[in-house]
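What follows is a set of notes on a single structure, which appears directly below.
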Amino acid sequence: MLIFPDLPDIEVEGVEVAEEITLTLRTTSPTASCPSCGTASSRIQSRYTRTLRDLPSVGHPILLIMHVRRFFCKKSTCAQKIFVERLPDLCHPHAQRTKRLQEALRQLGLSMGGKIGADVGSEHGINGSRDTILRLVHQSEQLARSEPRVIGLDDWAWKRRMRYGTLICDLERGLPIDVLPDRTVETVSAWLKEHPTIDTISRDGSSEYASAIKKGAPQAREVSDRWHLVKNLAGCVSVLLASCLAQLRQAEVAAVRSEQAEEQPAAPRHPGKTRAIAQAQEARHAERMARYEHILELQKQGMTSPEIAQRLGVTSRTIQRWIATGDIPNSRPRKQRPRLLDPYKTYVLSRWHQGCHNGAQLERELKAKGYKGSGRAIYRYLETLEPSGISSGKRGSAPARKTTVSLPPNPLLALSASQATWLFFRKEEDLKAEEQENLRLLRQASPDLETAYQLVKEFLHMVRELTGERLEEWLGKVEAEALQAFRPFVTGVQQDKDAVLAGLTLPWSNGPLEGNVNRLKLIKRSMYGQADLNLLKLRVLHQSPKSLERKNKKKQAQQQDPLDISRGRKKDTNFQHITNEISKVA
């Protein structure tokens with residue numbers, strides 16, 4: 001009885017089923033070839049038993065008991081007089097596992113790693129230790145690939161801010177092709193010299209990669225990544241917006257102080273602070289002041305800081321800090337935590353400015369909009385808008401008194417520089433009504449902001465439509481407007497003009513490369529930093545046959561929108577992750 005259709009020379013002699021399925025097999029081929037000289041022989045010298053592990057069946061491990069033979073070599077001049085018949089389609093010489101079981105363990109190691117692969121395999125009846133899996137992974141051979149023509153270069157961190165490597169990706173196929181141990185000019189240029197077929201290289205603004213390309217692949221055309229161009233421009237716009245918002249806040253503070261000086265309030269009042277809280281704060285302040293005076297008195301008496309600390313029941317460092325400060329150290333206000341009312345504050349401000357000061361009415365409107373918090377939270381927030389109290393529409397509410405400040409709220413003051421930058425770089429039709437209003441107010445707040453918005457809009461059109469031929473005209477407009485915030489970006493573009501022009505003209509970018517960098521980080525962290533470069537490289541470059549088949553069947557994907565700065569996340573995410581990552585402005 002045949003067990004393997006593709007192995008007709010093997011028959012089953014017996015089957016034993018228990019927790020482990022045992023199959024007794026024997027070979028039936030009349031001859032065997034000598035592994036040294038290749039001469040076929042039919043003279044049997046002896047027989048012996050060989051044990052192999054195979055893939056499980058329905059979760060049960062399979063053990064193969066193979067009865068194989070030894071043959072005499074017929075060639076008299078052959079050094080190997082006796083040889084064992086080989087089973088090249090079933091297993092390797094001296095192996096204890098079949099080829100398909102070894103391949104399954106190798107795939108587990110490449111996909112999951114040694115320890116996790118061993119655990120997952122054990123749950124499915126594929127037995128193999130961590131060391132066995134890693135040994136099979138190291139023995140695997142990389143698939144032969146055609147020489148790349150268009151590649152992308154990007155760095156990845158072994159240890160952030162200390163040690164970096166380089167990932168190289170074939171942009172035409174979207175697959176990683178090599179992992180380098182560092183990002184130095186010597187290492188990258190040496191790799192480029194070994195691949196003379198490369199004619200286009202996409203990169204970020206790194207000067208090291210630019211020097212390596214000129215040294216190792218002078219024939220290649222450099223393409224500046226559009227996403228990094230937009231990020232660098234965003235950094236310049238963020239500086240300009242931060243400056244303008246600071247001026248608006250200073251003007252607002254000056255107006256408030258002027259109105260407060262005219263009204264001359266009897267006593268300052270902190271919005272939202274109850275009398276009990278105020279009394280408790282005053283009591284704690286008095287106690288701290290008394291302790292501070294006691295410390296000064298003990299110091300005048302000649303006592304040291306440790307002696308004073310032991311006497312007052314505090315640490316010596318506290319005593320030294322209080323004395324060095326020269327005054328009673330006041331505690332800092334606590335950082336406010338996110339509240340359920342935060343998304344609705346803009347709406348409350350607009351309704352308040354329209355004249356709706358009724359707390360109950362505002363509570364009903366917010367509930368209709370999906371507000372899940374308490375009504376008391378709304379009243380506490382309204383107290384910050386009208387320190388003298390609110391008209392809640394209920395009995396027993398405090399009588400309305402004259403407010404200290406009557407200036408209408410400016411919605412721009414609620415924006416941070418990163419949020420304002422995000423408004424500049426999104427498509428206007430994608431903005432909500434409130435965001436469109438904030439953008440309109442920003443553009444009206446300063447002529448420089450209106451000019452900057454128009455320049456950003458034109459540059460983004462070049463990026464989206466790949467109309468790089470308009471770059472020279474755009475640079476001329478920036479020079480004519482003389483915006484200082486744009487100076488670093490223009491200088492960087494002028495220094496790398498050919499690559500920037502290619503980035504705004506050609507369809508290539510580092511989009512596919514960024515996804516592979518994220519995958520590399522996931523693999524590296526899953527190995528807990530204990531893997532060497534060779535193992536990391538094998539796992540990063542590994543592509544399962546099914547994934548390669550899907551890539552081959554799929555049509556050439558359209559280039560990702562270079563302004564999708566979230567890189568696979570929702571486009572409505574906060575702009576903070578861009579401005580935080582601006583480490584090198586072109």
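In the structure tokens, each chain is lettered A, B, ... as it comes, each chain's residues begin at 1, and ligands are numbered from 1 in order of appearance.
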
- Message: At a cut-off of 12 Å, using only C-alpha atoms, what residues contact A:Tyr347? Leave out same-chain residues fewer than 5 positions from it and give the result as a list in words.
- Response: Leu341, Asp342, Trp352, His353, Gln354, Cys356, Leu362, Glu363, Glu365, Leu366, Lys369, Tyr371, Ile378, Pro409, Pro411, Ala433 and Glu434 of chain A

May I have the residues from that selection written out with N, CA and C atoms, as an mmCIF file, in the first residue's frame?
data_model
loop_
_atom_site.group_PDB
_atom_site.id
_atom_site.type_symbol
_atom_site.label_atom_id
_atom_site.label_comp_id
_atom_site.auth_asym_id
_atom_site.auth_seq_id
_atom_site.Cartn_x
_atom_site.Cartn_y
_atom_site.Cartn_z
ATOM 1 N N LEU A 341 -16.543 66.774 28.958
ATOM 2 C CA LEU A 341 -17.074 68.010 28.400
ATOM 3 C C LEU A 341 -16.138 68.632 27.366
ATOM 4 N N ASP A 342 -14.865 68.214 27.317
ATOM 5 C CA ASP A 342 -13.877 68.872 26.460
ATOM 6 C C ASP A 342 -14.309 68.972 24.997
ATOM 7 N N TRP A 352 -22.764 80.541 24.423
ATOM 8 C CA TRP A 352 -22.638 81.579 25.451
ATOM 9 C C TRP A 352 -22.498 82.953 24.809
ATOM 10 N N HIS A 353 -21.698 83.017 23.751
ATOM 11 C CA HIS A 353 -21.504 84.285 23.060
ATOM 12 C C HIS A 353 -22.793 84.742 22.368
ATOM 13 N N GLN A 354 -23.651 83.792 21.992
ATOM 14 C CA GLN A 354 -24.933 84.137 21.368
ATOM 15 C C GLN A 354 -25.960 84.632 22.389
ATOM 16 N N CYS A 356 -26.993 82.698 25.265
ATOM 17 C CA CYS A 356 -27.648 81.636 26.040
ATOM 18 C C CYS A 356 -26.822 81.360 27.288
ATOM 19 N N LEU A 362 -28.510 74.660 28.168
ATOM 20 C CA LEU A 362 -27.283 74.151 27.569
ATOM 21 C C LEU A 362 -27.102 72.670 27.855
ATOM 22 N N GLU A 363 -27.511 72.230 29.040
ATOM 23 C CA GLU A 363 -27.393 70.812 29.365
ATOM 24 C C GLU A 363 -28.275 69.968 28.453
ATOM 25 N N GLU A 365 -29.212 70.717 25.404
ATOM 26 C CA GLU A 365 -28.650 70.722 24.053
ATOM 27 C C GLU A 365 -27.448 69.781 23.940
ATOM 28 N N LEU A 366 -26.608 69.770 24.973
ATOM 29 C CA LEU A 366 -25.450 68.894 24.927
ATOM 30 C C LEU A 366 -25.855 67.428 25.014
ATOM 31 N N LYS A 369 -26.684 66.164 21.769
ATOM 32 C CA LYS A 369 -25.523 65.974 20.906
ATOM 33 C C LYS A 369 -24.679 64.774 21.311
ATOM 34 N N TYR A 371 -23.656 64.142 24.744
ATOM 35 C CA TYR A 371 -22.864 64.356 25.950
ATOM 36 C C TYR A 371 -23.281 63.351 27.015
ATOM 37 N N ILE A 378 -21.118 70.870 33.605
ATOM 38 C CA ILE A 378 -21.458 72.001 32.726
ATOM 39 C C ILE A 378 -21.510 73.291 33.532
ATOM 40 N N PRO A 409 -15.096 85.436 23.725
ATOM 41 C CA PRO A 409 -14.002 84.458 23.605
ATOM 42 C C PRO A 409 -13.495 84.360 22.173
ATOM 43 N N PRO A 411 -11.953 81.914 19.562
ATOM 44 C CA PRO A 411 -11.742 80.469 19.377
ATOM 45 C C PRO A 411 -10.321 80.118 18.961
ATOM 46 N N ALA A 433 -17.187 72.015 9.634
ATOM 47 C CA ALA A 433 -17.612 73.413 9.601
ATOM 48 C C ALA A 433 -16.853 74.239 10.637
ATOM 49 N N GLU A 434 -16.671 73.689 11.829
ATOM 50 C CA GLU A 434 -15.952 74.409 12.879
ATOM 51 C C GLU A 434 -14.490 74.614 12.495
#

- Can you check which residues of stretch 291-457 of chain A DSSP gives as helix (DSSP H, G or I) on the backbone and send them as a PyMOL selection string? chain A and resi 291-300+305-312+316-325+342-353+359-368+375-385+411-414+417-425+428-430+433-445+447-457

- All residues 6 Å or closer to A:Ser509, only C-alpha atoms, same chain fewer than 2 positions away omitted, as a list in words: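 Surrounding residues, per the criterion: Ser202, Asp225 and Gly511 of chain A.
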
So which residues of stretch 58-227 of chain A fall under strand (DSSP E) by DSSP, listed as a compact mmCIF listing (two decimals) with N, CA and C atoms, in the first residue's frame?
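The resulting result_6.txt:
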# COMPACT_ATOMS: atom_id res chain seq x y z
N HIS A 60 -2.33 14.69 15.86
CA HIS A 60 -1.55 13.60 16.41
C HIS A 60 -0.19 13.55 15.72
N PRO A 61 0.91 13.50 16.47
CA PRO A 61 2.23 13.38 15.84
C PRO A 61 2.36 12.06 15.09
N ILE A 62 3.15 12.07 14.04
CA ILE A 62 3.37 10.87 13.24
C ILE A 62 4.84 10.46 13.33
N LEU A 63 5.08 9.20 13.64
CA LEU A 63 6.41 8.62 13.70
C LEU A 63 6.56 7.60 12.58
N LEU A 64 7.59 7.76 11.77
CA LEU A 64 7.85 6.85 10.65
C LEU A 64 9.01 5.92 11.01
N ILE A 65 8.74 4.60 10.97
CA ILE A 65 9.78 3.59 11.17
C ILE A 65 10.16 3.07 9.78
N MET A 66 11.32 3.49 9.30
CA MET A 66 11.76 3.16 7.94
C MET A 66 12.74 2.00 7.96
N HIS A 67 12.43 0.93 7.16
CA HIS A 67 13.36 -0.19 6.96
C HIS A 67 14.11 0.07 5.67
N VAL A 68 15.37 0.46 5.79
CA VAL A 68 16.18 0.78 4.62
C VAL A 68 17.32 -0.22 4.51
N ARG A 69 18.01 -0.20 3.35
CA ARG A 69 19.01 -1.23 3.03
C ARG A 69 20.38 -0.60 2.76
N ARG A 70 21.41 -1.43 2.95
CA ARG A 70 22.76 -1.07 2.57
C ARG A 70 23.13 -1.88 1.32
N PHE A 71 23.87 -1.24 0.41
CA PHE A 71 24.25 -1.88 -0.87
C PHE A 71 25.76 -1.89 -1.02
N PHE A 72 26.24 -2.87 -1.81
CA PHE A 72 27.63 -2.90 -2.24
C PHE A 72 27.75 -2.04 -3.50
N ILE A 82 30.54 0.34 0.59
CA ILE A 82 29.17 0.08 1.03
C ILE A 82 28.47 1.42 1.24
N PHE A 83 27.24 1.51 0.79
CA PHE A 83 26.49 2.76 0.95
C PHE A 83 25.06 2.44 1.34
N VAL A 84 24.40 3.43 1.92
CA VAL A 84 23.00 3.32 2.33
C VAL A 84 22.13 4.00 1.28
N VAL A 150 14.78 50.27 -9.04
CA VAL A 150 14.34 51.43 -8.25
C VAL A 150 14.29 50.99 -6.79
N ILE A 151 15.05 51.66 -5.94
CA ILE A 151 15.10 51.28 -4.53
C ILE A 151 14.82 52.49 -3.64
N GLY A 152 14.56 52.21 -2.37
CA GLY A 152 14.39 53.24 -1.36
C GLY A 152 15.30 52.95 -0.18
N LEU A 153 15.86 54.00 0.43
CA LEU A 153 16.73 53.87 1.59
C LEU A 153 16.09 54.56 2.78
N ASP A 154 16.13 53.89 3.93
CA ASP A 154 15.65 54.52 5.16
C ASP A 154 16.36 53.86 6.34
N ASP A 155 16.48 54.60 7.43
CA ASP A 155 17.16 54.06 8.60
C ASP A 155 16.16 53.50 9.60
N TRP A 156 16.64 52.67 10.49
CA TRP A 156 15.84 52.11 11.58
C TRP A 156 16.77 52.02 12.79
N ALA A 157 16.19 52.05 13.97
CA ALA A 157 16.98 52.19 15.19
C ALA A 157 17.22 50.85 15.87
N TRP A 158 18.51 50.50 16.01
CA TRP A 158 18.87 49.43 16.95
C TRP A 158 18.57 49.93 18.36
N LYS A 159 19.07 51.15 18.65
CA LYS A 159 18.82 51.82 19.91
C LYS A 159 18.69 53.30 19.59
N ARG A 163 22.27 54.12 17.91
CA ARG A 163 22.75 53.20 16.89
C ARG A 163 21.63 52.93 15.89
N TYR A 164 21.96 53.05 14.60
CA TYR A 164 20.96 52.90 13.54
C TYR A 164 21.46 51.93 12.48
N GLY A 165 20.51 51.29 11.81
CA GLY A 165 20.79 50.46 10.65
C GLY A 165 20.09 51.02 9.42
N THR A 166 20.20 50.32 8.30
CA THR A 166 19.61 50.77 7.03
C THR A 166 18.77 49.64 6.45
N LEU A 167 17.57 49.98 6.02
CA LEU A 167 16.70 49.04 5.31
C LEU A 167 16.60 49.48 3.85
N ILE A 168 16.78 48.54 2.94
CA ILE A 168 16.72 48.81 1.51
C ILE A 168 15.54 48.04 0.93
N CYS A 169 14.72 48.73 0.15
CA CYS A 169 13.49 48.14 -0.36
C CYS A 169 13.42 48.33 -1.87
N ASP A 170 12.94 47.31 -2.58
CA ASP A 170 12.67 47.41 -4.01
C ASP A 170 11.30 48.06 -4.17
N LEU A 175 9.08 45.16 -1.84
CA LEU A 175 9.64 44.13 -0.97
C LEU A 175 11.00 44.57 -0.46
N PRO A 176 11.32 44.24 0.80
CA PRO A 176 12.67 44.52 1.31
C PRO A 176 13.67 43.59 0.66
N ILE A 177 14.86 44.10 0.37
CA ILE A 177 15.87 43.29 -0.30
C ILE A 177 17.15 43.16 0.51
N ASP A 178 17.37 44.03 1.50
CA ASP A 178 18.56 43.88 2.32
C ASP A 178 18.44 44.74 3.58
N VAL A 179 19.17 44.30 4.61
CA VAL A 179 19.25 45.03 5.88
C VAL A 179 20.72 45.22 6.20
N LEU A 180 21.14 46.48 6.38
CA LEU A 180 22.53 46.79 6.66
C LEU A 180 22.71 47.13 8.14
N THR A 200 17.46 54.56 -9.95
CA THR A 200 16.66 55.53 -9.21
C THR A 200 16.67 55.16 -7.73
N ILE A 201 16.94 56.14 -6.86
CA ILE A 201 17.00 55.90 -5.42
C ILE A 201 16.17 56.96 -4.72
N SER A 202 15.20 56.51 -3.94
CA SER A 202 14.38 57.42 -3.14
C SER A 202 14.94 57.47 -1.72
N ARG A 203 15.02 58.64 -1.14
CA ARG A 203 15.60 58.81 0.20
C ARG A 203 14.95 60.01 0.88
N ARG A 221 19.60 58.31 -10.18
CA ARG A 221 18.91 59.59 -9.95
C ARG A 221 18.32 59.59 -8.55
N GLU A 222 18.61 60.62 -7.80
CA GLU A 222 18.12 60.73 -6.43
C GLU A 222 16.73 61.35 -6.43
N VAL A 223 15.85 60.78 -5.60
CA VAL A 223 14.47 61.26 -5.48
C VAL A 223 14.20 61.56 -4.02
N SER A 224 13.88 62.79 -3.72
CA SER A 224 13.57 63.19 -2.35
C SER A 224 12.15 62.75 -2.00

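When only C-alpha atoms are used to compute distances to A:Ala190, the closest of the residues A:Cys91, A:Thr24, A:Ile213, A:Gly205 turns out to be A:Ile213.
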
- Query: Smallest atom-to-atom distance to A:Leu55: which of A:Ile319, A:Leu90, A:Ala445, A:Ile126, using only C-alpha atoms?
  - Reply: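 The closest residue to A:Leu55 is A:Ile126.
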
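Near A:Glu103, within 12 Å and counting only C-alpha atoms, sit Asp54, Leu55, Leu90, Cys91, His92, Arg97, Thr98, Lys99, Arg100, Arg106, Gln107, Leu108, Gly109, Leu110, Ile126, Gly128, Thr132, Ile133, Arg135, Leu136, Val137, Gln139, Ser140, Glu141 and Ser544 of chain A; same-chain residues fewer than 3 positions away were not included.
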
- In Å, with one decimal, what is the gap from atom CA of A:Glu435 to atom CA of A:Ala420? 9.4 Å

- Item | Which of A:Val517, A:Ser111, A:Gln299, A:Leu382 sits closest to A:Arg351 [using only C-alpha atoms] |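 Among the listed residues, the smallest separation from A:Arg351 belongs to A:Leu382.
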
- Message: Using only C-alpha atoms for the distances, tell me which of A:Leu134, A:Val456, A:Met112, A:Leu312 is nearest to A:Ala290.
- Response: A:Leu312

- Message: Would you pick out the contacts of A:Ile198 at 9 Å or less, using only C-alpha atoms, so that residues sharing its chain but fewer than 5 positions from it are not included, and give the list as a list in words?
- Response: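 Final neighbour list, sorted by chain and number: Glu147, Pro148, Arg149, Val150, Ile151, Leu192, Ala217, Gln219, Ala220 and Arg221 of chain A.
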
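In this structure, atom CA of A:Ser206 sits 16.4 Å away from atom CA of A:Leu501.
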
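Minimum atom-to-atom distance to A:Ala531, evaluated using only C-alpha atoms, belongs to A:Lys115 out of A:His94, A:Lys115, A:Lys81, A:Arg47.
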